[in-house]
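Here is work-v7.cif, consisting of mmCIF, C-alpha atoms:
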```cif
data_target
loop_
_atom_site.label_atom_id
_atom_site.label_comp_id
_atom_site.auth_asym_id
_atom_site.auth_seq_id
_atom_site.Cartn_x
_atom_site.Cartn_y
_atom_site.Cartn_z
CA MET A 1 57.21 216.17 114.68
CA LEU A 2 59.21 214.95 111.78
CA GLU A 3 62.27 216.99 110.87
CA PRO A 4 62.27 218.09 107.23
CA LEU A 5 64.58 215.92 105.21
CA PHE A 6 66.28 218.91 103.61
CA PRO A 7 66.20 221.71 106.18
CA TRP A 8 67.98 224.18 103.83
CA ARG A 9 65.28 223.64 101.24
CA GLU A 10 62.71 224.51 103.85
CA ILE A 11 64.69 227.57 104.91
CA ARG A 12 65.02 228.69 101.31
CA ARG A 13 61.32 228.23 100.76
CA MET A 14 60.60 230.35 103.82
CA GLU A 15 63.05 232.99 102.66
CA ARG A 16 61.36 233.16 99.31
CA GLU A 17 58.01 233.51 100.96
CA MET A 18 59.39 236.37 103.08
CA GLU A 19 60.80 238.05 99.99
CA ARG A 20 57.49 237.73 98.23
CA MET A 21 55.72 239.33 101.16
CA GLU A 22 58.31 242.10 101.24
CA ARG A 23 57.74 242.77 97.55
CA ASP A 24 54.01 242.93 98.11
CA MET A 25 54.56 245.41 100.93
CA GLU A 26 56.80 247.50 98.72
CA ARG A 27 54.17 247.48 96.04
CA ILE A 28 51.61 248.86 98.46
CA PHE A 29 54.14 251.37 99.75
CA ASP A 30 54.91 252.50 96.21
CA THR A 31 51.34 253.35 95.44
CA PHE A 32 51.45 255.91 98.23
CA PHE A 33 55.06 257.01 97.88
CA PRO A 34 56.03 256.63 94.23
CA ARG A 35 59.52 255.36 93.73
CA ARG A 36 61.37 257.80 91.60
CA ARG A 37 64.85 256.57 91.28
CA ARG A 38 64.89 252.99 90.35
CA TRP A 39 68.44 253.40 89.06
CA MET A 40 69.71 254.31 92.51
CA GLU A 41 68.40 251.25 94.25
CA VAL A 42 71.05 248.67 93.61
CA GLU A 43 74.50 248.26 92.25
CA PHE A 44 75.00 248.32 88.51
CA PRO A 45 73.99 246.15 86.82
CA PRO A 46 70.97 244.84 88.72
CA LEU A 47 70.78 241.05 88.61
CA ASN A 48 68.16 238.36 88.98
CA ILE A 49 68.93 234.71 89.61
CA TRP A 50 66.57 231.98 88.50
CA THR A 51 67.19 228.33 89.31
CA ASN A 52 65.84 224.86 88.94
CA ASN A 53 67.43 221.49 89.61
CA GLU A 54 69.27 221.49 86.30
CA GLN A 55 70.64 225.00 85.94
CA ALA A 56 70.72 228.61 86.98
CA VAL A 57 69.88 231.57 84.77
CA VAL A 58 71.27 234.96 85.68
CA THR A 59 69.80 238.01 83.98
CA ALA A 60 71.34 241.47 84.14
CA GLU A 61 69.96 244.79 82.96
CA LEU A 62 72.97 246.12 81.08
CA PRO A 63 71.79 248.59 78.46
CA GLY A 64 74.24 250.18 76.07
CA ILE A 65 77.36 248.10 76.52
CA LYS A 66 79.58 246.32 74.06
CA PRO A 67 79.22 242.60 74.80
CA GLU A 68 82.81 241.95 73.67
CA GLU A 69 84.02 244.16 76.50
CA LEU A 70 82.24 242.11 79.13
CA GLU A 71 84.32 239.73 81.17
CA LEU A 72 82.59 236.72 82.64
CA SER A 73 84.26 234.14 84.80
CA VAL A 74 82.98 231.14 86.67
CA ASN A 75 84.67 229.27 89.44
CA ASN A 76 82.81 226.44 91.10
CA ASP A 77 79.66 228.20 92.38
CA THR A 78 80.82 231.79 91.90
CA LEU A 79 80.09 233.98 88.92
CA ILE A 80 82.04 237.18 88.34
CA LEU A 81 80.87 239.80 85.88
CA ARG A 82 83.09 242.73 85.00
CA GLY A 83 82.86 245.47 82.45
CA LYS A 84 82.50 249.14 81.88
CA ARG A 85 79.99 251.46 80.40
CA VAL A 86 81.44 254.58 78.93
CA THR A 87 79.62 257.08 76.81
CA ASN A 88 81.10 258.49 73.67
CA GLU A 89 83.05 261.70 73.79
CA LEU A 90 80.75 264.65 73.49
CA PRO A 91 81.09 266.66 70.30
CA GLU A 92 82.65 270.10 70.45
CA GLY A 93 80.50 272.55 72.37
CA ALA A 94 78.09 269.90 73.66
CA ARG A 95 77.12 269.79 77.27
CA TYR A 96 75.05 267.69 79.62
CA GLN A 97 71.75 269.08 80.77
CA ARG A 98 70.98 266.03 82.79
CA ARG A 99 73.01 263.02 83.72
CA GLU A 100 71.37 260.13 85.50
CA ARG A 101 72.67 257.05 83.70
CA PHE A 102 75.39 254.90 85.22
CA GLN A 103 78.83 255.43 83.82
CA GLY A 104 82.09 253.74 84.61
CA GLU A 105 83.42 250.34 85.54
CA PHE A 106 81.49 247.67 87.34
CA ALA A 107 82.22 244.31 88.92
CA ARG A 108 79.71 241.96 90.44
CA SER A 109 80.34 238.69 92.16
CA LEU A 110 77.53 236.23 92.73
CA GLN A 111 77.33 233.03 94.65
CA LEU A 112 75.04 230.49 93.07
CA PRO A 113 73.19 227.82 95.05
CA PHE A 114 75.24 225.07 93.40
CA ALA A 115 78.50 224.44 91.57
CA VAL A 116 78.26 224.92 87.81
CA ASP A 117 79.95 223.35 84.82
CA ALA A 118 82.11 226.25 83.64
CA ASP A 119 82.57 224.74 80.16
CA LYS A 120 78.86 224.78 79.46
CA VAL A 121 78.10 228.32 80.57
CA GLU A 122 76.49 230.41 77.85
CA ALA A 123 75.84 234.12 77.71
CA HIS A 124 73.55 236.01 75.40
CA TYR A 125 73.08 239.77 75.04
CA GLU A 126 69.92 241.17 73.53
CA ASN A 127 68.13 244.52 73.80
CA GLY A 128 70.38 245.51 76.66
CA VAL A 129 69.66 242.42 78.75
CA LEU A 130 72.40 239.90 79.45
CA THR A 131 71.25 236.32 80.04
CA ILE A 132 73.74 233.82 81.41
CA THR A 133 72.81 230.14 81.50
CA LEU A 134 74.82 228.11 84.00
CA PRO A 135 74.23 224.34 83.97
CA ARG A 136 74.68 222.64 87.29
CA ALA A 137 77.82 220.57 87.61
CA GLU A 138 77.09 216.88 87.09
CA ALA A 139 78.88 215.99 90.34
CA ASP A 140 76.68 218.41 92.24
CA LYS A 141 73.36 217.03 91.04
CA PRO A 142 71.33 214.94 93.44
CA LYS A 143 71.48 211.27 92.54
CA ARG A 144 68.56 208.97 92.62
CA ILE A 145 69.46 205.81 94.44
CA ALA A 146 67.65 202.70 93.37
CA VAL A 147 66.25 200.77 96.27
CA ARG A 148 66.50 197.12 95.62
CA THR A 149 64.13 194.61 97.09
CA ALA A 150 64.91 191.07 97.97
CA GLU A 151 63.04 189.86 94.88
CA SER A 152 64.91 192.00 92.39
CA ASN A 153 68.09 190.85 94.02
CA GLY A 154 67.83 187.69 92.06
CA LYS A 155 66.81 185.40 94.89
CA GLU A 156 64.46 182.76 93.81
CA GLY A 157 62.37 180.19 95.57
CA MET B 1 74.39 282.59 73.69
CA THR B 2 73.18 281.57 77.13
CA GLU B 3 69.78 283.09 76.51
CA GLU B 4 69.44 281.13 73.35
CA THR B 5 70.23 277.77 74.92
CA ARG B 6 67.92 278.40 77.81
CA ALA B 7 65.03 278.79 75.40
CA ILE B 8 65.58 275.33 73.97
CA GLN B 9 65.85 273.32 77.12
CA VAL B 10 63.86 270.20 77.59
CA GLN B 11 61.93 270.73 80.71
CA GLN B 12 60.96 267.86 82.77
CA GLU B 13 57.52 268.45 84.00
CA GLN B 14 55.96 265.34 85.31
CA ARG B 15 57.74 263.50 88.01
CA PRO B 16 58.82 260.05 87.07
CA THR B 17 56.66 257.76 89.09
CA VAL B 18 55.99 254.09 89.48
CA ARG B 19 52.49 253.08 88.62
CA GLU B 20 50.88 249.75 88.36
CA THR B 21 48.88 248.63 85.38
CA ARG B 22 47.90 245.05 84.66
CA ARG B 23 50.14 243.84 87.47
CA ARG B 24 53.20 245.32 85.78
CA ARG B 25 55.01 248.30 87.05
CA ILE B 26 55.94 251.32 85.04
CA PHE B 27 59.38 252.71 85.76
CA ALA B 28 60.88 256.03 84.87
CA PRO B 29 64.03 255.28 82.88
CA ALA B 30 67.28 257.03 83.81
CA VAL B 31 68.14 259.63 81.17
CA ASP B 32 71.06 261.71 80.01
CA ILE B 33 70.27 264.85 78.05
CA VAL B 34 73.03 266.26 75.88
CA GLU B 35 72.74 269.57 74.13
CA THR B 36 74.73 270.52 71.05
CA SER B 37 74.35 273.54 68.82
CA ASP B 38 72.01 271.61 66.48
CA GLU B 39 70.02 269.35 68.70
CA LEU B 40 69.13 267.87 72.01
CA MET B 41 69.88 264.22 72.42
CA VAL B 42 68.10 262.18 75.06
CA LEU B 43 69.56 258.82 76.05
CA ALA B 44 67.26 256.64 78.12
CA ASP B 45 68.08 253.25 79.65
CA MET B 46 65.25 250.93 78.72
CA PRO B 47 66.67 247.40 78.84
CA GLY B 48 64.43 244.76 77.30
CA VAL B 49 62.67 247.16 74.94
CA ARG B 50 62.87 246.41 71.22
CA GLN B 51 62.46 249.06 68.55
CA GLU B 52 58.95 247.81 67.79
CA ASP B 53 57.96 248.01 71.47
CA LEU B 54 58.83 251.68 71.65
CA GLU B 55 56.28 254.45 71.48
CA VAL B 56 57.12 258.14 71.20
CA ILE B 57 54.12 260.39 71.41
CA LEU B 58 54.07 264.13 70.95
CA GLU B 59 50.97 265.87 72.14
CA LYS B 60 51.18 269.65 71.88
CA ASN B 61 54.49 270.27 73.60
CA VAL B 62 54.51 267.15 75.76
CA LEU B 63 56.69 264.32 74.58
CA THR B 64 56.10 260.89 76.09
CA ILE B 65 58.42 257.93 75.67
CA ARG B 66 57.00 254.54 76.45
CA GLY B 67 58.59 251.12 76.19
CA THR B 68 57.04 247.72 76.71
CA VAL B 69 59.28 244.93 77.93
CA GLN B 70 59.02 241.32 76.80
CA LEU B 71 59.56 239.51 80.07
CA PRO B 72 61.51 236.27 79.77
CA ALA B 73 59.52 233.06 80.07
CA MET B 74 60.87 231.53 83.26
CA GLN B 75 58.00 229.31 84.31
CA ASP B 76 60.33 226.33 84.81
CA TYR B 77 62.47 228.25 87.26
CA ASP B 78 62.27 229.65 90.76
CA LEU B 79 63.33 233.21 91.29
CA GLU B 80 66.15 232.64 93.74
CA TYR B 81 67.28 236.22 94.17
CA ALA B 82 66.08 239.49 92.66
CA GLU B 83 67.49 242.98 92.35
CA TYR B 84 65.13 244.22 89.72
CA GLU B 85 61.57 243.67 88.73
CA GLY B 86 60.44 243.44 85.15
CA GLY B 87 58.19 246.26 84.05
CA ASP B 88 57.56 248.85 81.41
CA TYR B 89 59.03 252.31 81.04
CA GLU B 90 57.50 255.70 80.71
CA ARG B 91 58.73 259.26 81.03
CA THR B 92 57.38 262.60 79.94
CA PHE B 93 59.18 265.76 78.87
CA THR B 94 57.96 269.19 78.03
CA LEU B 95 59.55 270.57 74.90
CA ALA B 96 60.48 274.18 74.48
CA ASP B 97 59.19 275.93 71.37
CA ASP B 98 62.48 275.78 69.50
CA ILE B 99 62.43 272.04 68.86
CA ASP B 100 61.67 271.06 65.29
CA ARG B 101 58.73 268.77 65.91
CA ASP B 102 58.66 267.28 62.45
CA HIS B 103 62.16 265.84 62.62
CA ILE B 104 62.25 264.04 65.95
CA GLU B 105 63.95 260.68 65.63
CA ALA B 106 63.95 257.75 68.01
CA VAL B 107 66.15 254.66 67.77
CA MET B 108 66.65 251.79 70.21
CA LYS B 109 70.22 250.48 70.42
CA ASN B 110 71.02 247.69 72.87
CA GLY B 111 68.30 248.73 75.26
CA VAL B 112 69.16 252.43 75.12
CA LEU B 113 66.78 254.88 73.50
CA HIS B 114 68.50 257.52 71.40
CA LEU B 115 66.10 260.37 70.90
CA HIS B 116 67.19 263.20 68.63
CA LEU B 117 65.38 266.49 68.95
CA PRO B 118 66.71 268.90 66.34
CA LYS B 119 66.57 272.58 67.07
CA ALA B 120 64.59 274.82 64.80
CA GLY B 121 64.67 278.57 64.66
CA PRO B 122 67.68 280.91 64.57
CA ALA B 123 70.22 278.34 65.71
CA ARG B 124 69.23 276.14 62.81
CA MET B 125 68.76 278.80 60.18
CA ARG B 126 72.28 279.98 60.49
CA ARG B 127 73.41 276.73 58.97
CA ILE B 128 71.50 277.03 55.70
CA PRO B 129 74.02 277.60 52.93
CA VAL B 130 73.45 280.63 50.73
CA LYS B 131 73.91 280.01 47.06
CA THR B 132 75.40 282.79 44.95
CA GLY B 133 74.41 283.58 41.39
#
```
Target format structure tokens, applied to this file:
Amino acid sequence: MLEPLFPWREIRRMEREMERMERDMERIFDTFFPRRRRWMEVEFPPLNIWTNNEQAVVTAELPGIKPEELELSVNNDTLILRGKRVTNELPEGARYQRRERFQGEFARSLQLPFAVDADKVEAHYENGVLTITLPRAEADKPKRIAVRTAESNGKEG
Amino acid sequence: MTEETRAIQVQQEQRPTVRETRRRRIFAPAVDIVETSDELMVLADMPGVRQEDLEVILEKNVLTIRGTVQLPAMQDYDLEYAEYEGGDYERTFTLADDIDRDHIEAVMKNGVLHLHLPKAGPARMRRIPVKTG
């Protein structure tokens, strides 16, 4: 049998398929055992990574923060996101009846599937969702290599 | 004092659950509830919900908050890694009798719902200034 040309691609595809199946299983599980505490599941903020050949898009659910207090840094294929979410001081005599929302400092480090061009990274904050667009570094992109034939090589007759 | 505040508590009756409707999940948002002498303030994390996608419904003494999320259009991308799943939000609270139902306010700020539930009754009345002749 022929070996796949890009084994890691194949592995990634299989991984994704596994994840999809896991999610489907979870979905079925949830219908019987409702998930109550979504906010306890992962670190804050929860992140999703979307990719194609050109760029990666990282989205983070970060409600109620000041975007100017976020610190984003990119080094090669690693993205670091730091910040804090603090609530305002309570007025005199106020008290919490319930407290479920995340509070405090956070730091997340993510490894992307490719190196990115740090100068072209853009971040956008809207309705509590942070979207970071990370274009793939030019040097990291796959190059198409033209295959020349004898004819196009300029040989004649 | 303690008796008075107990009478105005927001009780959480229905369990937050995850349900599935039109292939989208409904999540119970995390909330903080802060009580002051004038009001109860509910803060709910509902990232992705705009003001116009928010619904606050009061039916008898049951208050329901509901937020619809505009999922990003990512058809040109593969989801490489996921820690959260896009979905809508819903949570229900039972109000005590002392909440002034006509003056409930709801504002979305950066994906956080700020719900103000002013107290009616004695706690409120004390604050009405009395004019003298």
Tell me which residues the PyMOL selection byres ((chain A) within 6 of (chain B)) grabs here, as an MDAnalysis selection string.
chainID A and resid 34:36 46:52 61 63:64 94:101 127:129
Using only C-alpha atoms, please write the residues we just selected to a file, as a tab-separated table (two decimals), in the frame of the given file.
```tsv
chain	number	residue	atom	x	y	z
A	34	PRO	CA	56.03	256.63	94.23
A	35	ARG	CA	59.52	255.36	93.73
A	36	ARG	CA	61.37	257.80	91.60
A	46	PRO	CA	70.97	244.84	88.72
A	47	LEU	CA	70.78	241.05	88.61
A	48	ASN	CA	68.16	238.36	88.98
A	49	ILE	CA	68.93	234.71	89.61
A	50	TRP	CA	66.57	231.98	88.50
A	51	THR	CA	67.19	228.33	89.31
A	52	ASN	CA	65.84	224.86	88.94
A	61	GLU	CA	69.96	244.79	82.96
A	63	PRO	CA	71.79	248.59	78.46
A	64	GLY	CA	74.24	250.18	76.07
A	94	ALA	CA	78.09	269.90	73.66
A	95	ARG	CA	77.12	269.79	77.27
A	96	TYR	CA	75.05	267.69	79.62
A	97	GLN	CA	71.75	269.08	80.77
A	98	ARG	CA	70.98	266.03	82.79
A	99	ARG	CA	73.01	263.02	83.72
A	100	GLU	CA	71.37	260.13	85.50
A	101	ARG	CA	72.67	257.05	83.70
A	127	ASN	CA	68.13	244.52	73.80
A	128	GLY	CA	70.38	245.51	76.66
A	129	VAL	CA	69.66	242.42	78.75
```
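Here the PyMOL selection byres ((chain B and resi 58) around 12) catches exactly these residues: Glu55, Val56, Ile57, Glu59, Lys60, Asn61, Val62, Leu63, Thr64, Ile65, Arg66, Thr92, Phe93, Thr94, Leu95, Ile99, Asp100, Arg101, Asp102, His103, Ile104, Glu105 and Leu117 of chain B.
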Written selection (C-alpha atoms) as a PDB file, in the frame of the given file:
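The result, written out as result-v1.pdb:
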```pdb
ATOM      1  CA  GLU B  55      56.280 254.450  71.480  1.00  0.00           C
ATOM      2  CA  VAL B  56      57.120 258.140  71.200  1.00  0.00           C
ATOM      3  CA  ILE B  57      54.120 260.390  71.410  1.00  0.00           C
ATOM      4  CA  GLU B  59      50.970 265.870  72.140  1.00  0.00           C
ATOM      5  CA  LYS B  60      51.180 269.650  71.880  1.00  0.00           C
ATOM      6  CA  ASN B  61      54.490 270.270  73.600  1.00  0.00           C
ATOM      7  CA  VAL B  62      54.510 267.150  75.760  1.00  0.00           C
ATOM      8  CA  LEU B  63      56.690 264.320  74.580  1.00  0.00           C
ATOM      9  CA  THR B  64      56.100 260.890  76.090  1.00  0.00           C
ATOM     10  CA  ILE B  65      58.420 257.930  75.670  1.00  0.00           C
ATOM     11  CA  ARG B  66      57.000 254.540  76.450  1.00  0.00           C
ATOM     12  CA  THR B  92      57.380 262.600  79.940  1.00  0.00           C
ATOM     13  CA  PHE B  93      59.180 265.760  78.870  1.00  0.00           C
ATOM     14  CA  THR B  94      57.960 269.190  78.030  1.00  0.00           C
ATOM     15  CA  LEU B  95      59.550 270.570  74.900  1.00  0.00           C
ATOM     16  CA  ILE B  99      62.430 272.040  68.860  1.00  0.00           C
ATOM     17  CA  ASP B 100      61.670 271.060  65.290  1.00  0.00           C
ATOM     18  CA  ARG B 101      58.730 268.770  65.910  1.00  0.00           C
ATOM     19  CA  ASP B 102      58.660 267.280  62.450  1.00  0.00           C
ATOM     20  CA  HIS B 103      62.160 265.840  62.620  1.00  0.00           C
ATOM     21  CA  ILE B 104      62.250 264.040  65.950  1.00  0.00           C
ATOM     22  CA  GLU B 105      63.950 260.680  65.630  1.00  0.00           C
ATOM     23  CA  LEU B 117      65.380 266.490  68.950  1.00  0.00           C
TER      24      LEU B 117
END
```
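Here atom CA of A:Met25 is placed at a distance of 26.5 Å from atom CA of A:Leu112.
Going from atom CA of A:Val57 to atom CA of A:Arg108 covers 15.4 Å.
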Box for stretch 51-57 of chain B: with edges along x, y and z, all listed atoms inside and 4 Å added on each side, what are the centre and edge lengths in Å to one decimal, as lines of an AutoDock Vina configuration file?
```
center_x = 58.3
center_y = 254.1
center_z = 69.7
size_x = 16.3
size_y = 20.6
size_z = 11.9
```
Give me, as a list in words, all polymer residues having an atom no more than 7 Å from A:Leu79, counting all atoms listed in the file and skipping those fewer than 5 positions away in the same chain.
Ser73, Val74, Ser109, Leu110 and Gln111 of chain A
Grab the atom CA of A:Arg136 to atom CA of A:Arg13 distance for me, in Å with one decimal place.
19.8 Å
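When all atoms listed in the file are used to measure the gap to A:Lys120, the shortest distance among A:Gln55, A:Gly104, A:Asn88, A:Leu62 belongs to A:Gln55.
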